[in-house]
Structure formats: C-alpha cells, structure tokens
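Read through the structure below, which is laid out as structure tokens, and then see the notes.
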Amino acid sequence: MTEAADSIDFVQLLDQAGRRVEHQDFAYAGTDADIAARLRDMILARRIDSEATALQRKGELGLWPPMLGQEAAQIGSARASRMPDELIPSYREHGVAWCAGIDPIDLLSTFRGTSMACWPSRPKNFHLYSFVIGSQTLHAVGMAMGMQRDGLVGNEDPDANGAAVVYFGDGATSQGDVNEAFIFAASYAAPVVFFCQNNQYAISEPIALQSRIPLYRRAAGFGFPGVRVDGNDVLAVEAVTAWALDHARAGKGPVLVEAYTYRMGAHTTSDDPTKYRKAEEEAEWRAKDPIERVTTYLLNAGAIDQAWLDRVAVESEALAERLRAACVELPEPKLEDSWHQVYANTPDLLENQRTEYLAYQAAFEVN
Amino acid sequence: MNLTMAKALNAGLRRALGADPKVLLAGEDIGKLGGVFRVTEGLQAEFGPDRVVDSPLAEAGIVGTAVGLAMRGYRPVVEIQFDGFVYPAFDQIVSQVSRIRFRSGGQFGVPLVVRIPFGGGIGAIEHHSESPEAYFAHTPGLKVVTCSNPLDAYWMIQQAIADDDPVIFFEPKRRYHEKGEVDTDADDAPMSLYQARVVKPGTDATLIAYGPMVRTCVEAAIAADKEGRNLEVVDLRSLSPLDDATILASVRRTGRAIVVHEAVGTLGMGAEIAARIQAECFFELQAPVLRVTGYDLPYPPSRTEDGYLPDLDRVLDAVDRSLAY
C-alpha cells in the first residue's frame with residue numbers, strides 16, 4: 001500500500017495551539033529561555049523577509065524569494081548547528097543566514113543586483129546561495145567528505161565533530177544532482193544532514209508531481225534514515241536536526257530531514273500564487289503559523305510577557321529601518337571589477353578587454 | 001492582430017497543437033500556471049494535461065523523456081524555464097538528442113523542440129540572463145534558431161515543430177512583451193525557417209544580429225541614418241544552419257560587417273560568421289569583420305548589465321571603427 005505524499009505523520013513537540021506534545025523518540029533539550037531566543041530569531045527573520053519583499057515592491061530589489069512561513073524550519077535547524085558545521089543554503093534560507101551571522105544587507109545586495117554573493121561565506125561556514133536547483137547538495141556531500149578527511153567525524157569528543165547541513169526544497173528532490181548526492185553520501189557515510197523544506201510547491205507545481213510517497217521515506221531506498229518533522233514547530237525541528245547532526249558527526253552517515261511546512265508567500269516577488277492555489281488552503285496554513293504557537297506557549301508559560309514582545313517589536317522595526325536605509329545606500333557595482341573576479345590570475349585577454357572597456361567608458365566622460 | 005512576442009508564441013503553439021495530435025508540450029510550470037512568462041497560458045485548459053504536461057523539476061528528465069516520446073512518433077516541445085537551467089539537460093541534448101539520427105544509421109531522428117528563454121537585460125539574478133546558443137550551434141545534429149519579433153515567433157515555432165530534426169528554439173526574453181502585427185489566419189509561413197532576413201537594407205556596412213540584438217541594431221541603423229550612414233541589418237534567425245548566401249551577399253554589397261550578440265565573444269557565433277566572411281569575401285572586404293558582444297565574463301550583477309550588453313553606442317562605435325579603415 002502506498003502512503004500519499006501529503007499524508008501527515010511527523011514529529012511534533014509543540015502543536016499549533018501552543019501546547020507541548022510528547023514524542024517517543026524526540027524531546028526538546030532547551031529551556032524556555034532558549035525557546036524565547038528562537039522566537040526572537042523567528043520574529044526578526046520574518047521582519048527581514050517582509051522588509052525585503054517591501055523593498056522589491058518599491059523597485060529597490062530586482063527580485064526576492066520570500067521565506068514567510070518557513071521561519072521555524074530555518075531557525076530550528078540552524079540553531080541546532082554550531083561550528084565547525086557547514087551550512088549550505090538553497091536561495092530562500094534568509095533565516096539560516098541570520099543565525100549564521102550573515103548581515104541581511106548582504107542578501108539584499110545579491111537581489112538588488114549590486115553584487116554576486118558577497119557575504120563572508122568561508123568564515124561563517126554559510127555558503128553561497130544556489131539558484132540552479134539542487135546543485136548545492138553535491139557540494140555539501142563534498143564538504144562532508146572533506147570533513148571526514150580533516151578528522152572532524154567520529155571523534156570521542158563530540159564537540160570536535162562536525163557535519164554539513166544542506167538545504168533544498170521539495171521540487172529539488174526530482175533533480176538528478178540531489179539523487180546523486182544521496183548516493184554519494186550513503187556510499188561514503190558522509191556526515192551530511194539533507195534538510196528538505198517541503199513547502200508544498202515548486203513554483204506552481206504541487207508536491208504530488210514530484211513524489212508519490214512522503215519525501216522522508218525516499219531515504220530508506222538510498223540506505224539511510226529519514227525523518228519527517230513538523231516544519232512549523234521550531235522545537236521539533238531543532239530536536240530532530242540536533243539528533244540528525246549527532247548521527248552524522250558521529251560517523252554514522254547521512255540523514256534526510258523533511259521539514260513539512262508551507263510557503264505562505266509567493267515563490268518569488270515575480271510569482272502569483274492565486275493562479276495555482278486556493279485561499280482556503282492558505283488560510284488553513286496561516287492557522288499553523290510557526291511564530292504564533294511559540295508566542296502562545298511562552299506567554300502561557302509565563303516565560304515572556306507583552307513587554308518582552310514589545311521590546312522585540314522595537315528591535316525588529318529598528319532592524320527593518322536599518323535595512324531600508326542601507327539598501328538604497330549599497331554602493332553601485334562597477335563592471336570593471338568583474339574582470340578580476342573570474343580567475344585567480346587574470347589572463348591577458350581579459351586584462352586587455354578591461355583596459356578597452358575603461359578607455360571606451362572614459363571617452364563618454366570626456367564628452 | 002497586434003500581439004506581443006509571448007502571445008504570438010502562444011498562438012503558434014496553439015495552432016501546432018490543433019493541427020497535429022502528436023504535438024505535445026512539457027516543462028516546469030507550463031500547465032496550470034501557463035509558464036513563468038505565460039507563453040503557454042491557457043493551453044492546458046484547451047488541450048488537456050496529456051498534451052500540455054507539467055513536468056517534475058528536472059531538466060535532464062524533461063529532455064530525456066521527450067527523446068523517448070519522439071521515438072514513439074510524438075513531436076514534443078519542451079520548455080526550459082530559464083537559459084541557465086538548460087545545463088542539467090546538456091548531456092541529453094548534446095549526447096542523445098543531437099545524435100539519435102546518426103546513432104540509428106539514419107533510420108530515425110528526434111523531432112523535438114527545446115524552447116529556451118534567453119538573454120539578459122531584465123535585471124535578473126544569476127543564471128537567468130545567459131546566452132548559451134553557441135554550445136548548441138557547435139553540436140552537429142542540432143538546429144538552432146531564434147526569433148526577434150512577434151511575426152517570426154509565430155511562424156518559426158510552428159516551423160520548428162514541423163521539422164523532423166531537433167531544434168533548439170531561443171526566445172529573447174527581454175523582447176517577450178514587444179508587440180507586432182501577426183496574421184494568424186495566413187496559411188503559410190512567409191519564409192523558410194533557415195533563411196536569414198535583411199531587416200533594413202543599406203549600403204555602407206552590414207550589421208549581423210539575431211534575437212534580442214536585432215532591435216538594438218535596427219535602432220543603431222536608424223541613428224546612423226541621421227549621420228548619413230546607411231547601414232544594412234541582417235537578422236540571422238537561424239544560427240545553425242547559417243544562411244551563408246544572405247550573409248555573404250550582404251557583405252559583398254557593403255564591404256563591411258559587424259556581428260552583434262549578447263553572448264560572450266570568444267568562440268561565439270561572431271567568430272564563426274567572421275571566419276566564413278573572410279574566407280568567402282576576402283577581396284570585397286573594406287575592413288576586418290568586427291564583433292560587438294558580451295565580454296568574456298560570467299553574466300555580471302544585474303546593476304552592471306547595461307555596461308555588459310551591447311547597446312546602440314557600442315554598435316555605432318564599431319561602425320566608426322569599421323568605416324575608418
């Protein structure tokens with residue numbers, strides 16, 4: 001008997017009403033103070049996202065892929081990681097970037113077209129955005145293979161170990177690259193957590209077009225464990241990812257985590273979801289909001305109060321204001337810089353072309 | 001009718017689907033959504049999901065399965081959503097699509113059309129502004145064409161579908177919304193798919209362009225007219241095969257040639273065209289064949305693309321250099 005791809009059976013530790021739920025295999029290890037920290041992350045990440053969407057609407061960004069609705073999946077998984085783990089994003093991981101300490105203005109710069117990916121990728125272990133769907137999953141496996149060779153896997157001291165977490169979507173699971181990444185990771189027992197945010201849509205295409213079984217079950221066919229988690233439950237996401245990371249870091253091989261969530265916004269600011277999905281479906285998912293339930297839980301637990309929420313609101317508005325101002329102040333890029341960015345040592349052909357380009361531009365300035 | 005290029009393509013696809021039950025469309029988001037550029041809008045509703053197929057997100061799969069369908073007598077038209085996403089399907093196109101006729105000892109071919117929105121100028125992010133046409137034109141067994149206006153778009157897509165060999169069909173995405181007159185009731189295409197067209201006759205130099213750069217060159221020619229320079233503009237339309245006769249006849253008349261394309265210059269279409277011209281028109285040439293192209297860079301951040309892409313000024317600058325010989 002087949003199980004429908006959209007049948008919901010997942011690890012949940014905080015339900016949509018904000019009540020803690022017991023699970024036989026997973027428990028949240030943190031305190032209420034930790035949960036409040038996650039809530040703050042999610043609120044700020046959502047504000048970054050909404051500000052970027054607004055900036056695109058004002059014509060300040062060329063495009064923006066909103067992550068609205070996926071805050072718990074991103075914050076929970078990113079906060080489960082720590083150095084020397086490597087975080088390899090797709091192109092919507094603005095919340096992961098936030099946790100990795102990437103200045104959101106650097107993300108805006110990419111989508112404004114003032115730079116490629118100019119953030120401090122290597123020092124922060126947060127990698128380039130990948131727009132060719134699924135391509136980054138193989139890179140993550142390669143990084144994990146490097147970590148194996150660097151002695152970062154299976155050490156007695158768990159703090160000395162690391163793993164790679166690679167982000168991709170439900171649509172990407174159809175790509176050859178992703179399936180090859182599963183095979184390579186399994187063959188070498190590479191320390192990789194394949195973190196799939198199943199947000200139900202690849203632009204207009206529903207998950208049923210990509211998979212006839214729940215995605216997490218694909219892992220079994222490749223020979224490693226797969227777990228489905230409520231992607232709108234930050235506690236469950238963090239707990240499951242922490243387990244998966246420990247598994248990978250210990251040298252037991254890869255894990256597939258399917259975070260079952262929903263892209264509450266458009267695919268990108270160029271997309272119009274009303275063409276392919278119903279308002280009722282969106283309303284149903286709004287009721288499962290990842291931020292709402294944590295707020296309810298913490299208020300009921302007395303861990304936060306309205307004053308705390310007000311302070312975070314002030315903080316998030318200040319962040320938005322900074323981004324708004326900084327976005328329009330981003331330095332205009334110069335094409336002449338591009339020629340020195342292609343090779344470590346610029347060949348004569350390119351150097352000469354650059355010189356000609358500069359001379360051509362200078363001719364305009366004289367006039 | 002006055003149609004945008006996107007609507008003209010839509011009309012051409014509709015007519016092809018209506019004319020031949022073996023024609024079918026496949027690609028990401030082409031059905032319910034009608035494609036991210038809306039080129040296939042309404043076609044799934046009209047012809048059903050068996051003939052206008054939403055594909056899983058896998059370009060190699062889209063092209064590879066189209067090969068199988070073509071072998072069974074279908075005429076698949078597949079859409080690659082953006083130029084930069086064709087590379088996962090590159091192996092299927094270069095190693096399979098192009099060679100099935102050869103590999104079968106000439107018994108059968110693959111009547112497949114691969115539609116690819118291409119080129120820059122729309123302020124897009126990475127991998128959404130590429131001009132990969134030379135890779136395909138370099139491959140024996142493939143035909144490569146590109147339209148520059150709605151009328152050509154309407155007819156060329158139908159002609160490509162009717163061709164018994166695979167055609168890589170490049171659509172200049174920055175021109176999707178430009179309008180032109182299209183007689184959708186006409187019976188026959190105005191010219192062969194593989195013929196170039198003299199868009200504007202002239203005497204002093206020939207501008208050779210295709211796809212998005214045709215309009216740029218026409219604008220340059222109009223500007224040059226005001227300075228008393230009479231430029232001819234040739235729209236190649238087909239990049240493989242190249243219509244040598246039209247190209248060479250034009251250059252023999254003007255004695256000067258400038259090839260213009262967005263793609264990187266090195267080993268681009270301009271290199272091949274320049275080589276053919278110098279071999280055939282050596283004694284008629286008044287100046288070396290010049291190229292105005294994208295620079296030898298990966299497509300740069302969009303805020304610098306105006307400097308990267310050939311424009312009217314760069315074309316006229318090359319005209320000056322050519323005429324100075």
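Labels used: A, B, ... for chains in the order of the structure tokens, numbers from 1 for residues in each chain, and numbers from 1 for ligands as shown.
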
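For chain B, the residues having at least one atom no farther than 6 Å from chain A, when counting only C-alpha atoms, are Asp29, Pro56, Leu57, Ala58, Gly123, Pro301, Ser302, Arg303 and Thr304 of chain B.
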
Exercise for the section: Write out as a ChimeraX atom specification which residues come within 8 Å of range 39-44 of chain B when counting only C-alpha atoms, dropping same-chain ones fewer than 2 positions away. Expected result: /B:6-7,9-10,13-14,30-37,46-49,51-53

Practice task
Check range 69-147 of chain B with DSSP on the backbone and list each residue it calls strand (DSSP E), as an MDAnalysis selection string.
Solution key: chainID B and resid 75:79 113:118 143:146

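Atom pair CA of Glu305 in chain B / CA of Arg174 in chain B has a distance of 12.8 Å (rounded to one decimal).
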
Exercise for the section: Just the residues within 8 Å of range 240-256 of chain A, please, counting only C-alpha atoms, with nothing from its chain fewer than 5 positions along; format it as number ranges by chain. Expected result: A: 11, 26, 76-77, 80-81, 152-155, 158, 161-163, 185-186, 188-196, 216, 219, 224-227, 229

Give me a file of those residues, with C-alpha atoms, as an mmCIF file, in the first residue's frame.
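Once everything was written out, this is result09.cif:
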data_model
loop_
_atom_site.group_PDB
_atom_site.id
_atom_site.type_symbol
_atom_site.label_atom_id
_atom_site.label_comp_id
_atom_site.auth_asym_id
_atom_site.auth_seq_id
_atom_site.Cartn_x
_atom_site.Cartn_y
_atom_site.Cartn_z
ATOM 1 C CA VAL A 11 7.470 14.647 14.754
ATOM 2 C CA PHE A 26 12.487 13.161 20.352
ATOM 3 C CA GLY A 76 15.246 25.455 14.327
ATOM 4 C CA SER A 77 17.671 23.692 12.017
ATOM 5 C CA ALA A 80 20.819 23.004 16.093
ATOM 6 C CA SER A 81 24.111 23.520 14.305
ATOM 7 C CA LEU A 152 36.123 16.096 12.122
ATOM 8 C CA VAL A 153 33.968 12.965 12.200
ATOM 9 C CA GLY A 154 33.602 10.209 14.778
ATOM 10 C CA ASN A 155 35.945 11.658 17.393
ATOM 11 C CA PRO A 158 31.597 15.076 20.264
ATOM 12 C CA ASN A 161 32.969 16.742 15.338
ATOM 13 C CA GLY A 162 31.140 18.478 12.541
ATOM 14 C CA ALA A 163 28.744 17.853 9.698
ATOM 15 C CA ALA A 185 26.653 10.480 0.904
ATOM 16 C CA ALA A 186 25.353 6.977 1.601
ATOM 17 C CA TYR A 188 30.864 7.179 1.937
ATOM 18 C CA ALA A 189 28.776 7.547 5.115
ATOM 19 C CA ALA A 190 29.441 11.244 4.682
ATOM 20 C CA PRO A 191 28.374 13.469 7.560
ATOM 21 C CA VAL A 192 25.516 15.289 5.853
ATOM 22 C CA VAL A 193 22.093 16.306 7.018
ATOM 23 C CA PHE A 194 19.891 16.670 3.965
ATOM 24 C CA PHE A 195 17.420 19.259 5.176
ATOM 25 C CA CYS A 196 14.474 19.365 2.815
ATOM 26 C CA TYR A 216 11.444 11.401 4.034
ATOM 27 C CA ALA A 219 15.975 7.993 2.303
ATOM 28 C CA PHE A 224 20.000 6.000 5.404
ATOM 29 C CA PRO A 225 17.433 7.251 7.905
ATOM 30 C CA GLY A 226 14.738 9.772 7.036
ATOM 31 C CA VAL A 227 12.565 11.690 9.477
ATOM 32 C CA VAL A 229 9.182 16.813 11.243
#

Practice task
Would you kindly return, as number ranges by chain, each protein, DNA or RNA residue with an atom no farther than 7 Å from any atom of Tyr295 in chain B, considering only C-alpha atoms and excluding same-chain residues fewer than 2 positions away?
Solution key: B: 264-265, 293, 297, 308

Practice task
Taking the chain letters and numbering used in this document, name the residues of range 7-241 of chain A that DSSP puts in alpha helix (DSSP H), as a ChimeraX atom specification.
Solution key: /A:32-57,71-80,94-99,104-112,121-124,135-149,176-188,207-210,218-222,234-241

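What separates CA of Arg57 in chain A from CA of Thr268 in chain A is a distance of 11.4 Å.
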
Handout entry: All residues 12 Å or closer to Ile35 in chain A, only C-alpha atoms, same chain fewer than 6 positions away omitted, as an MDAnalysis selection string
Key = chainID A and resid 14 20 28:29 41:42 72 75:76 79 233:236 238:239 291 293:299 301 303:304

Would you mind exporting the chosen residues as a PDB file, in the first residue's frame, restricted to N, CA and C atoms?
ATOM      1  N   LEU A  14       5.404  20.830  19.654  1.00  0.00           N
ATOM      2  CA  LEU A  14       4.577  21.968  20.061  1.00  0.00           C
ATOM      3  C   LEU A  14       3.457  22.076  19.025  1.00  0.00           C
ATOM      4  N   ARG A  20       2.773  21.909  24.490  1.00  0.00           N
ATOM      5  CA  ARG A  20       3.876  20.950  24.334  1.00  0.00           C
ATOM      6  C   ARG A  20       3.296  19.556  24.120  1.00  0.00           C
ATOM      7  N   TYR A  28      12.691  18.159  23.239  1.00  0.00           N
ATOM      8  CA  TYR A  28      13.418  19.418  23.115  1.00  0.00           C
ATOM      9  C   TYR A  28      14.323  19.582  24.326  1.00  0.00           C
ATOM     10  N   ALA A  29      15.602  19.805  24.078  1.00  0.00           N
ATOM     11  CA  ALA A  29      16.574  19.799  25.166  1.00  0.00           C
ATOM     12  C   ALA A  29      16.707  21.166  25.841  1.00  0.00           C
ATOM     13  N   ASP A  41      14.510  35.137  17.171  1.00  0.00           N
ATOM     14  CA  ASP A  41      15.104  34.883  15.843  1.00  0.00           C
ATOM     15  C   ASP A  41      14.025  34.859  14.757  1.00  0.00           C
ATOM     16  N   MET A  42      12.941  34.156  15.053  1.00  0.00           N
ATOM     17  CA  MET A  42      11.899  33.994  14.031  1.00  0.00           C
ATOM     18  C   MET A  42      11.222  35.330  13.718  1.00  0.00           C
ATOM     19  N   ALA A  72      10.289  28.555  11.300  1.00  0.00           N
ATOM     20  CA  ALA A  72      10.632  27.514  12.277  1.00  0.00           C
ATOM     21  C   ALA A  72      11.598  26.501  11.668  1.00  0.00           C
ATOM     22  N   ILE A  75      15.076  28.494  11.423  1.00  0.00           N
ATOM     23  CA  ILE A  75      15.709  28.852  12.702  1.00  0.00           C
ATOM     24  C   ILE A  75      16.010  27.590  13.517  1.00  0.00           C
ATOM     25  N   GLY A  76      15.057  26.678  13.546  1.00  0.00           N
ATOM     26  CA  GLY A  76      15.246  25.455  14.327  1.00  0.00           C
ATOM     27  C   GLY A  76      16.442  24.651  13.850  1.00  0.00           C
ATOM     28  N   ARG A  79      19.816  26.680  14.422  1.00  0.00           N
ATOM     29  CA  ARG A  79      20.237  26.760  15.830  1.00  0.00           C
ATOM     30  C   ARG A  79      20.668  25.399  16.371  1.00  0.00           C
ATOM     31  N   ASP A 233       7.111  23.823  13.600  1.00  0.00           N
ATOM     32  CA  ASP A 233       7.325  23.657  15.037  1.00  0.00           C
ATOM     33  C   ASP A 233       8.827  23.756  15.299  1.00  0.00           C
ATOM     34  N   VAL A 234       9.226  24.907  15.799  1.00  0.00           N
ATOM     35  CA  VAL A 234      10.664  25.159  15.935  1.00  0.00           C
ATOM     36  C   VAL A 234      11.320  24.202  16.936  1.00  0.00           C
ATOM     37  N   LEU A 235      10.570  23.785  17.950  1.00  0.00           N
ATOM     38  CA  LEU A 235      11.140  22.859  18.938  1.00  0.00           C
ATOM     39  C   LEU A 235      11.432  21.501  18.290  1.00  0.00           C
ATOM     40  N   ALA A 236      10.470  21.015  17.531  1.00  0.00           N
ATOM     41  CA  ALA A 236      10.643  19.713  16.880  1.00  0.00           C
ATOM     42  C   ALA A 236      11.754  19.776  15.838  1.00  0.00           C
ATOM     43  N   GLU A 238      14.344  21.728  15.770  1.00  0.00           N
ATOM     44  CA  GLU A 238      15.655  21.788  16.425  1.00  0.00           C
ATOM     45  C   GLU A 238      16.030  20.422  17.014  1.00  0.00           C
ATOM     46  N   ALA A 239      15.071  19.765  17.634  1.00  0.00           N
ATOM     47  CA  ALA A 239      15.352  18.459  18.257  1.00  0.00           C
ATOM     48  C   ALA A 239      15.737  17.419  17.202  1.00  0.00           C
ATOM     49  N   ILE A 291       5.239  31.155  14.276  1.00  0.00           N
ATOM     50  CA  ILE A 291       5.560  32.138  15.314  1.00  0.00           C
ATOM     51  C   ILE A 291       4.452  32.206  16.360  1.00  0.00           C
ATOM     52  N   ARG A 293       2.358  30.023  17.510  1.00  0.00           N
ATOM     53  CA  ARG A 293       2.248  28.969  18.519  1.00  0.00           C
ATOM     54  C   ARG A 293       3.326  29.096  19.597  1.00  0.00           C
ATOM     55  N   VAL A 294       4.489  29.561  19.233  1.00  0.00           N
ATOM     56  CA  VAL A 294       5.562  29.717  20.219  1.00  0.00           C
ATOM     57  C   VAL A 294       5.236  30.885  21.150  1.00  0.00           C
ATOM     58  N   THR A 295       4.698  31.946  20.561  1.00  0.00           N
ATOM     59  CA  THR A 295       4.299  33.101  21.366  1.00  0.00           C
ATOM     60  C   THR A 295       3.267  32.674  22.406  1.00  0.00           C
ATOM     61  N   THR A 296       2.255  31.927  21.946  1.00  0.00           N
ATOM     62  CA  THR A 296       1.199  31.450  22.849  1.00  0.00           C
ATOM     63  C   THR A 296       1.794  30.602  23.972  1.00  0.00           C
ATOM     64  N   TYR A 297       2.673  29.680  23.569  1.00  0.00           N
ATOM     65  CA  TYR A 297       3.264  28.796  24.581  1.00  0.00           C
ATOM     66  C   TYR A 297       4.041  29.602  25.635  1.00  0.00           C
ATOM     67  N   LEU A 298       4.872  30.508  25.181  1.00  0.00           N
ATOM     68  CA  LEU A 298       5.740  31.236  26.117  1.00  0.00           C
ATOM     69  C   LEU A 298       4.932  32.181  27.007  1.00  0.00           C
ATOM     70  N   LEU A 299       3.901  32.781  26.440  1.00  0.00           N
ATOM     71  CA  LEU A 299       3.039  33.651  27.255  1.00  0.00           C
ATOM     72  C   LEU A 299       2.337  32.820  28.324  1.00  0.00           C
ATOM     73  N   ALA A 301       3.278  30.035  29.540  1.00  0.00           N
ATOM     74  CA  ALA A 301       4.258  29.514  30.498  1.00  0.00           C
ATOM     75  C   ALA A 301       4.802  30.632  31.386  1.00  0.00           C
ATOM     76  N   ALA A 303       6.959  32.714  30.491  1.00  0.00           N
ATOM     77  CA  ALA A 303       8.377  32.912  30.191  1.00  0.00           C
ATOM     78  C   ALA A 303       8.621  34.271  29.541  1.00  0.00           C
ATOM     79  N   ILE A 304       7.618  34.780  28.865  1.00  0.00           N
ATOM     80  CA  ILE A 304       7.696  36.132  28.299  1.00  0.00           C
ATOM     81  C   ILE A 304       6.394  36.855  28.649  1.00  0.00           C
TER      82      ILE A 304
END

Listing only residues of range 286-311 of chain B within 10 Å of range 254-259 of chain B, what is the closest atom pair and its distance in Å (to one decimal) for each, using only C-alpha atoms, sorted by chain and residue number ascending, as JSON lines?
{"residue": "B:Gln286", "atom": "CA", "partner": "B:Gly255", "partner_atom": "CA", "distance": 5.1}
{"residue": "B:Ala287", "atom": "CA", "partner": "B:Arg256", "partner_atom": "CA", "distance": 5.8}
{"residue": "B:Pro288", "atom": "CA", "partner": "B:Arg256", "partner_atom": "CA", "distance": 7.4}
{"residue": "B:Val289", "atom": "CA", "partner": "B:Ala257", "partner_atom": "CA", "distance": 5.1}
{"residue": "B:Leu290", "atom": "CA", "partner": "B:Ile258", "partner_atom": "CA", "distance": 4.7}
{"residue": "B:Arg291", "atom": "CA", "partner": "B:Val259", "partner_atom": "CA", "distance": 4.8}
{"residue": "B:Val292", "atom": "CA", "partner": "B:Val259", "partner_atom": "CA", "distance": 6.2}
{"residue": "B:Thr293", "atom": "CA", "partner": "B:Val259", "partner_atom": "CA", "distance": 8.0}

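Between CA of Gly64 in chain B and CA of Asp163 in chain B the interatomic distance comes to 18.8 Å.
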
Practice task
Compile the contact shell of Glu178 in chain B as a PyMOL selection string: residues with an atom at most 12 Å away, counting only C-alpha atoms, same-chain residues fewer than 5 positions apart removed.
Solution key: chain B and resi 2-8+148-151+153+172-173+212+215

For those residues, write N, CA and C atoms to a file as a PDB file, in the first residue's frame.
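Written output follows (result-v5.pdb):
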ATOM      1  N   ASN B   2      -2.415  42.545 -33.424  1.00  0.00           N
ATOM      2  CA  ASN B   2      -1.243  43.116 -32.791  1.00  0.00           C
ATOM      3  C   ASN B   2      -0.947  42.291 -31.544  1.00  0.00           C
ATOM      4  N   LEU B   3       0.150  41.542 -31.589  1.00  0.00           N
ATOM      5  CA  LEU B   3       0.454  40.617 -30.499  1.00  0.00           C
ATOM      6  C   LEU B   3       1.845  40.872 -29.926  1.00  0.00           C
ATOM      7  N   THR B   4       1.999  40.576 -28.632  1.00  0.00           N
ATOM      8  CA  THR B   4       3.348  40.545 -28.069  1.00  0.00           C
ATOM      9  C   THR B   4       4.025  39.272 -28.564  1.00  0.00           C
ATOM     10  N   MET B   5       5.345  39.220 -28.424  1.00  0.00           N
ATOM     11  CA  MET B   5       6.038  38.001 -28.829  1.00  0.00           C
ATOM     12  C   MET B   5       5.547  36.805 -28.009  1.00  0.00           C
ATOM     13  N   ALA B   6       5.316  37.013 -26.705  1.00  0.00           N
ATOM     14  CA  ALA B   6       4.832  35.912 -25.863  1.00  0.00           C
ATOM     15  C   ALA B   6       3.480  35.405 -26.363  1.00  0.00           C
ATOM     16  N   LYS B   7       2.600  36.321 -26.715  1.00  0.00           N
ATOM     17  CA  LYS B   7       1.268  35.926 -27.217  1.00  0.00           C
ATOM     18  C   LYS B   7       1.377  35.284 -28.607  1.00  0.00           C
ATOM     19  N   ALA B   8       2.304  35.780 -29.404  1.00  0.00           N
ATOM     20  CA  ALA B   8       2.487  35.210 -30.743  1.00  0.00           C
ATOM     21  C   ALA B   8       2.981  33.770 -30.640  1.00  0.00           C
ATOM     22  N   SER B 148      13.165  37.285 -33.445  1.00  0.00           N
ATOM     23  CA  SER B 148      13.436  38.646 -32.972  1.00  0.00           C
ATOM     24  C   SER B 148      12.178  39.500 -32.916  1.00  0.00           C
ATOM     25  N   ASN B 149      11.054  38.965 -33.386  1.00  0.00           N
ATOM     26  CA  ASN B 149       9.827  39.774 -33.422  1.00  0.00           C
ATOM     27  C   ASN B 149       8.622  38.837 -33.392  1.00  0.00           C
ATOM     28  N   PRO B 150       7.439  39.366 -33.069  1.00  0.00           N
ATOM     29  CA  PRO B 150       6.251  38.513 -32.906  1.00  0.00           C
ATOM     30  C   PRO B 150       5.880  37.723 -34.159  1.00  0.00           C
ATOM     31  N   LEU B 151       5.982  38.326 -35.326  1.00  0.00           N
ATOM     32  CA  LEU B 151       5.594  37.606 -36.546  1.00  0.00           C
ATOM     33  C   LEU B 151       6.480  36.379 -36.749  1.00  0.00           C
ATOM     34  N   ALA B 153       8.175  34.893 -34.462  1.00  0.00           N
ATOM     35  CA  ALA B 153       7.937  33.966 -33.349  1.00  0.00           C
ATOM     36  C   ALA B 153       6.777  33.040 -33.686  1.00  0.00           C
ATOM     37  N   PRO B 172      14.058  35.500 -27.099  1.00  0.00           N
ATOM     38  CA  PRO B 172      14.693  36.620 -26.398  1.00  0.00           C
ATOM     39  C   PRO B 172      13.762  37.204 -25.344  1.00  0.00           C
ATOM     40  N   LYS B 173      14.009  36.846 -24.075  1.00  0.00           N
ATOM     41  CA  LYS B 173      13.009  37.151 -23.050  1.00  0.00           C
ATOM     42  C   LYS B 173      12.809  38.645 -22.843  1.00  0.00           C
ATOM     43  N   PRO B 212      17.603  39.118 -29.472  1.00  0.00           N
ATOM     44  CA  PRO B 212      17.374  40.414 -28.822  1.00  0.00           C
ATOM     45  C   PRO B 212      18.154  41.571 -29.450  1.00  0.00           C
ATOM     46  N   ARG B 215      16.738  44.297 -32.705  1.00  0.00           N
ATOM     47  CA  ARG B 215      16.136  45.617 -32.464  1.00  0.00           C
ATOM     48  C   ARG B 215      17.220  46.651 -32.146  1.00  0.00           C
TER      49      ARG B 215
END
